Amino acid sequence: SAITSSLDLLRYVCEEFKLVEPMQGVADAHDYIYLLNEFLLQEYRRGRNTALIIDEAQNLSSEVLESVRLLSNFETTKDKLLQIVLVGQPELNDRLNTSQLRQLKQRITLRHQLRPLSLNECQQYIANRLSCAGALLGIFLTKAVESVHHFSACIPRLINVICDNSMISAYAL
């Protein structure tokens, strides 16, 4: 289900940390914040770091992204209780540069943007994915890898799509 509000985000985070059951009735924001704070403090006392990874973050509304900033407020007097990792397409950077999300951007302590892969890296990336999937030998000829590299603009997500579609088409033929 889509996360369209602050309450949706809080519920989703609590569900993912197994603090509430997915089919349980919806509580109010205060209840979710209380559950999350208690959980984070318990994990902290056990010496565990807790991380929340949000993929495709560029698709979240400004309201939900602002709620992510509020989640970063969980802390003791000396340590943060929740490490938040936002993962997204280049549009996420554009979103974070808006004045509306200025406060969230100020909370980001580390940023990294993947650069496009070189032809050699693309070849290694494809070989590694094939190996993880159980392939015993190379499936893509050098010319095919060059084409994948060119048409994917060297972006791993697009490399995956092109390779997947290529193998499905080859199988169908």
# chains A, B, ... in the order shown; residues from 1 in each chain; ligands from 1
>>> residues_around(residues="Leu60 of chain A", least_positions_apart="3", cutoff="8 Å", atoms="only C-alpha atoms", output="PyMOL selection string")
chain A and resi 3-4+56-57+64-65
>>> write_last_selection(atoms="all heavy atoms", output="PDB file, in the first residue's frame")
ATOM      1  N   ILE A   3       2.290   4.959   0.845  1.00  0.00           N
ATOM      2  CA  ILE A   3       2.423   5.804   2.031  1.00  0.00           C
ATOM      3  C   ILE A   3       2.101   7.217   1.580  1.00  0.00           C
ATOM      4  O   ILE A   3       2.877   7.845   0.858  1.00  0.00           O
ATOM      5  CB  ILE A   3       3.851   5.709   2.611  1.00  0.00           C
ATOM      6  CG1 ILE A   3       4.125   4.287   3.056  1.00  0.00           C
ATOM      7  CG2 ILE A   3       4.011   6.677   3.766  1.00  0.00           C
ATOM      8  CD1 ILE A   3       5.544   4.043   3.508  1.00  0.00           C
ATOM      9  N   THR A   4       0.932   7.711   1.992  1.00  0.00           N
ATOM     10  CA  THR A   4       0.489   9.020   1.512  1.00  0.00           C
ATOM     11  C   THR A   4       0.385  10.069   2.610  1.00  0.00           C
ATOM     12  O   THR A   4       0.138  11.231   2.319  1.00  0.00           O
ATOM     13  CB  THR A   4      -0.881   8.903   0.811  1.00  0.00           C
ATOM     14  OG1 THR A   4      -1.818   8.356   1.751  1.00  0.00           O
ATOM     15  CG2 THR A   4      -0.793   8.000  -0.410  1.00  0.00           C
ATOM     16  N   GLU A  56      13.044   4.313  -3.047  1.00  0.00           N
ATOM     17  CA  GLU A  56      12.193   5.103  -3.945  1.00  0.00           C
ATOM     18  C   GLU A  56      11.637   6.326  -3.220  1.00  0.00           C
ATOM     19  O   GLU A  56      10.478   6.709  -3.391  1.00  0.00           O
ATOM     20  CB  GLU A  56      11.072   4.246  -4.537  1.00  0.00           C
ATOM     21  CG  GLU A  56      11.563   3.080  -5.385  1.00  0.00           C
ATOM     22  CD  GLU A  56      12.282   3.507  -6.672  1.00  0.00           C
ATOM     23  OE1 GLU A  56      12.115   4.647  -7.142  1.00  0.00           O
ATOM     24  OE2 GLU A  56      13.047   2.668  -7.206  1.00  0.00           O
ATOM     25  N   ALA A  57      12.480   6.951  -2.399  1.00  0.00           N
ATOM     26  CA  ALA A  57      12.060   8.083  -1.567  1.00  0.00           C
ATOM     27  C   ALA A  57      11.614   9.290  -2.387  1.00  0.00           C
ATOM     28  O   ALA A  57      10.867  10.129  -1.889  1.00  0.00           O
ATOM     29  CB  ALA A  57      13.193   8.482  -0.617  1.00  0.00           C
ATOM     30  N   VAL A  64       5.093  13.496   3.771  1.00  0.00           N
ATOM     31  CA  VAL A  64       5.709  12.265   4.285  1.00  0.00           C
ATOM     32  C   VAL A  64       7.210  12.465   4.472  1.00  0.00           C
ATOM     33  O   VAL A  64       7.781  12.019   5.476  1.00  0.00           O
ATOM     34  CB  VAL A  64       5.398  11.074   3.358  1.00  0.00           C
ATOM     35  CG1 VAL A  64       6.162   9.836   3.794  1.00  0.00           C
ATOM     36  CG2 VAL A  64       3.899  10.785   3.335  1.00  0.00           C
ATOM     37  N   LEU A  65       7.848  13.164   3.542  1.00  0.00           N
ATOM     38  CA  LEU A  65       9.280  13.433   3.709  1.00  0.00           C
ATOM     39  C   LEU A  65       9.539  14.290   4.950  1.00  0.00           C
ATOM     40  O   LEU A  65      10.536  14.103   5.646  1.00  0.00           O
ATOM     41  CB  LEU A  65       9.849  14.101   2.451  1.00  0.00           C
ATOM     42  CG  LEU A  65      10.093  13.156   1.284  1.00  0.00           C
ATOM     43  CD1 LEU A  65      10.413  13.939   0.007  1.00  0.00           C
ATOM     44  CD2 LEU A  65      11.210  12.167   1.588  1.00  0.00           C
TER      45      LEU A  65
END
>>> residues_around(residues="Ala127 of chain A", least_positions_apart="5", cutoff="9 Å", atoms="only C-alpha atoms", output="PyMOL selection string")
chain A and resi 122+132+135+137-140
>>> residues_around(residues="Asn59 of chain A", least_positions_apart="6", cutoff="9 Å", atoms="only C-alpha atoms", output="list in words")
Gly88, Glu91 and Leu92 of chain A
>>> closest_atom_pairs(of="segment 69-172 of chain A", to="segment 10-23 of chain A", cutoff="12 Å", atoms="only C-alpha atoms", output="JSON lines")
{"residue": "A:Leu70", "atom": "CA", "partner": "A:Leu10", "partner_atom": "CA", "distance": 10.5}
{"residue": "A:Leu71", "atom": "CA", "partner": "A:Leu10", "partner_atom": "CA", "distance": 8.7}
{"residue": "A:Leu82", "atom": "CA", "partner": "A:Val13", "partner_atom": "CA", "distance": 11.4}
{"residue": "A:Ile84", "atom": "CA", "partner": "A:Val13", "partner_atom": "CA", "distance": 11.4}
>>> closest_residue(among="A:Leu81, A:Phe74, A:Gln123, A:Glu63", to="Gly47 of chain A", atoms="only C-alpha atoms")
A:Leu81
>>> closest_residue(among="A:Gln83, A:Thr142, A:Ser147, A:Ser131", to="Asn49 of chain A", atoms="only C-alpha atoms")
A:Gln83
>>> residues_around(residues="Gln106 of chain A", least_positions_apart="3", cutoff="12 Å", atoms="only C-alpha atoms", output="list of chain:residue names")
A:Glu66, A:Arg69, A:Ser72, A:Leu96, A:Asn97, A:Thr98, A:Ser99, A:Gln100, A:Leu101, A:Arg102, A:Gln103, A:Thr109, A:Leu110, A:Arg111
>>> residues_around(residues="segment 150-159 of chain A", least_positions_apart="4", cutoff="12 Å", atoms="only C-alpha atoms", output="MDAnalysis selection string")
chainID A and resid 56 88:90 113:127 129 143:146 163:166
>>> select_by_dssp(residues="segment 23-116 of chain A", states="strand (DSSP E)", output="list in words")
Thr50, Ala51, Leu52, Ile53, Ile54, Leu82, Gln83, Ile84, Val85 and Leu86 of chain A
>>> closest_residue(among="A:Phe39, A:Ile168, A:Leu7, A:Arg45", to="Ala27 of chain A", atoms="only C-alpha atoms")
A:Leu7
>>> atom_distance(atom1="atom CA of Lys78 of chain A", atom2="atom CA of Ile108 of chain A")
17.6 Å
>>> closest_residue(among="A:Ser169, A:Thr50, A:Ser61, A:Asn93", to="Ala2 of chain A", atoms="only C-alpha atoms")
A:Ser61
>>> decode(residues="segment 113-142 of chain A", atoms="N, CA, C and O atoms", output="mmCIF file, in the first residue's frame")
data_model
loop_
_atom_site.group_PDB
_atom_site.id
_atom_site.type_symbol
_atom_site.label_atom_id
_atom_site.label_comp_id
_atom_site.auth_asym_id
_atom_site.auth_seq_id
_atom_site.Cartn_x
_atom_site.Cartn_y
_atom_site.Cartn_z
ATOM 1 N N GLN A 113 25.933 9.877 -4.352
ATOM 2 C CA GLN A 113 25.232 9.665 -5.612
ATOM 3 C C GLN A 113 26.074 8.724 -6.457
ATOM 4 O O GLN A 113 27.271 8.957 -6.649
ATOM 5 N N LEU A 114 25.453 7.623 -6.895
ATOM 6 C CA LEU A 114 26.178 6.683 -7.737
ATOM 7 C C LEU A 114 26.434 7.301 -9.097
ATOM 8 O O LEU A 114 25.542 7.893 -9.697
ATOM 9 N N ARG A 115 27.637 7.153 -9.577
ATOM 10 C CA ARG A 115 27.955 7.613 -10.916
ATOM 11 C C ARG A 115 27.639 6.481 -11.888
ATOM 12 O O ARG A 115 27.570 5.310 -11.485
ATOM 13 N N PRO A 116 27.447 6.805 -13.139
ATOM 14 C CA PRO A 116 27.194 5.742 -14.119
ATOM 15 C C PRO A 116 28.370 4.761 -14.172
ATOM 16 O O PRO A 116 29.525 5.139 -13.969
ATOM 17 N N LEU A 117 28.072 3.497 -14.443
ATOM 18 C CA LEU A 117 29.111 2.470 -14.509
ATOM 19 C C LEU A 117 29.902 2.573 -15.807
ATOM 20 O O LEU A 117 29.354 2.906 -16.854
ATOM 21 N N SER A 118 31.178 2.252 -15.719
ATOM 22 C CA SER A 118 32.008 2.161 -16.918
ATOM 23 C C SER A 118 31.627 0.870 -17.647
ATOM 24 O O SER A 118 30.927 0.016 -17.088
ATOM 25 N N LEU A 119 32.118 0.696 -18.860
ATOM 26 C CA LEU A 119 31.834 -0.525 -19.612
ATOM 27 C C LEU A 119 32.341 -1.752 -18.847
ATOM 28 O O LEU A 119 31.639 -2.754 -18.727
ATOM 29 N N ASN A 120 33.545 -1.674 -18.297
ATOM 30 C CA ASN A 120 34.109 -2.786 -17.534
ATOM 31 C C ASN A 120 33.272 -3.075 -16.288
ATOM 32 O O ASN A 120 32.992 -4.236 -15.970
ATOM 33 N N GLU A 121 32.862 -2.032 -15.582
ATOM 34 C CA GLU A 121 32.023 -2.213 -14.397
ATOM 35 C C GLU A 121 30.674 -2.813 -14.779
ATOM 36 O O GLU A 121 30.130 -3.659 -14.058
ATOM 37 N N CYS A 122 30.136 -2.385 -15.901
ATOM 38 C CA CYS A 122 28.867 -2.923 -16.389
ATOM 39 C C CYS A 122 29.004 -4.422 -16.649
ATOM 40 O O CYS A 122 28.143 -5.214 -16.250
ATOM 41 N N GLN A 123 30.091 -4.806 -17.279
ATOM 42 C CA GLN A 123 30.344 -6.221 -17.569
ATOM 43 C C GLN A 123 30.461 -7.020 -16.271
ATOM 44 O O GLN A 123 29.871 -8.095 -16.124
ATOM 45 N N GLN A 124 31.188 -6.484 -15.302
ATOM 46 C CA GLN A 124 31.340 -7.159 -14.006
ATOM 47 C C GLN A 124 30.010 -7.225 -13.260
ATOM 48 O O GLN A 124 29.691 -8.229 -12.614
ATOM 49 N N TYR A 125 29.239 -6.164 -13.345
ATOM 50 C CA TYR A 125 27.931 -6.100 -12.678
ATOM 51 C C TYR A 125 27.006 -7.184 -13.232
ATOM 52 O O TYR A 125 26.380 -7.929 -12.468
ATOM 53 N N ILE A 126 26.933 -7.283 -14.556
ATOM 54 C CA ILE A 126 26.083 -8.297 -15.194
ATOM 55 C C ILE A 126 26.572 -9.693 -14.821
ATOM 56 O O ILE A 126 25.775 -10.565 -14.462
ATOM 57 N N ALA A 127 27.871 -9.910 -14.871
ATOM 58 C CA ALA A 127 28.433 -11.223 -14.534
ATOM 59 C C ALA A 127 28.115 -11.588 -13.082
ATOM 60 O O ALA A 127 27.765 -12.736 -12.784
ATOM 61 N N ASN A 128 28.221 -10.640 -12.185
ATOM 62 C CA ASN A 128 27.938 -10.896 -10.774
ATOM 63 C C ASN A 128 26.468 -11.229 -10.558
ATOM 64 O O ASN A 128 26.137 -12.175 -9.835
ATOM 65 N N ARG A 129 25.578 -10.490 -11.193
ATOM 66 C CA ARG A 129 24.139 -10.773 -11.044
ATOM 67 C C ARG A 129 23.793 -12.146 -11.595
ATOM 68 O O ARG A 129 22.994 -12.871 -11.014
ATOM 69 N N LEU A 130 24.402 -12.488 -12.727
ATOM 70 C CA LEU A 130 24.161 -13.809 -13.308
ATOM 71 C C LEU A 130 24.685 -14.907 -12.382
ATOM 72 O O LEU A 130 24.025 -15.930 -12.179
ATOM 73 N N SER A 131 25.864 -14.683 -11.818
ATOM 74 C CA SER A 131 26.458 -15.662 -10.896
ATOM 75 C C SER A 131 25.567 -15.850 -9.666
ATOM 76 O O SER A 131 25.326 -16.980 -9.237
ATOM 77 N N CYS A 132 25.070 -14.748 -9.096
ATOM 78 C CA CYS A 132 24.180 -14.824 -7.927
ATOM 79 C C CYS A 132 22.898 -15.588 -8.262
ATOM 80 O O CYS A 132 22.322 -16.246 -7.407
ATOM 81 N N ALA A 133 22.465 -15.486 -9.526
ATOM 82 C CA ALA A 133 21.248 -16.177 -9.961
ATOM 83 C C ALA A 133 21.511 -17.642 -10.294
ATOM 84 O O ALA A 133 20.585 -18.384 -10.615
ATOM 85 N N GLY A 134 22.784 -18.057 -10.263
ATOM 86 C CA GLY A 134 23.109 -19.453 -10.497
ATOM 87 C C GLY A 134 23.652 -19.771 -11.880
ATOM 88 O O GLY A 134 23.860 -20.939 -12.206
ATOM 89 N N ALA A 135 23.897 -18.766 -12.698
ATOM 90 C CA ALA A 135 24.458 -19.011 -14.036
ATOM 91 C C ALA A 135 25.884 -19.525 -13.902
ATOM 92 O O ALA A 135 26.669 -19.010 -13.112
ATOM 93 N N LEU A 136 26.207 -20.544 -14.657
ATOM 94 C CA LEU A 136 27.541 -21.129 -14.588
ATOM 95 C C LEU A 136 28.487 -20.526 -15.614
ATOM 96 O O LEU A 136 29.693 -20.626 -15.481
ATOM 97 N N LEU A 137 27.947 -19.928 -16.655
ATOM 98 C CA LEU A 137 28.802 -19.269 -17.644
ATOM 99 C C LEU A 137 28.131 -18.004 -18.149
ATOM 100 O O LEU A 137 26.949 -17.776 -17.929
ATOM 101 N N GLY A 138 28.939 -17.171 -18.806
ATOM 102 C CA GLY A 138 28.430 -15.911 -19.320
ATOM 103 C C GLY A 138 27.315 -16.120 -20.332
ATOM 104 O O GLY A 138 27.373 -17.018 -21.161
ATOM 105 N N ILE A 139 26.309 -15.307 -20.254
ATOM 106 C CA ILE A 139 25.167 -15.405 -21.157
ATOM 107 C C ILE A 139 25.252 -14.317 -22.225
ATOM 108 O O ILE A 139 24.872 -14.529 -23.368
ATOM 109 N N PHE A 140 25.791 -13.170 -21.850
ATOM 110 C CA PHE A 140 25.838 -12.025 -22.759
ATOM 111 C C PHE A 140 27.198 -11.939 -23.445
ATOM 112 O O PHE A 140 28.232 -11.882 -22.787
ATOM 113 N N LEU A 141 27.175 -11.893 -24.759
ATOM 114 C CA LEU A 141 28.396 -11.691 -25.530
ATOM 115 C C LEU A 141 28.901 -10.269 -25.308
ATOM 116 O O LEU A 141 28.146 -9.388 -24.882
ATOM 117 N N THR A 142 30.164 -10.037 -25.621
ATOM 118 C CA THR A 142 30.766 -8.716 -25.422
ATOM 119 C C THR A 142 29.970 -7.631 -26.136
ATOM 120 O O THR A 142 29.714 -6.560 -25.570
#
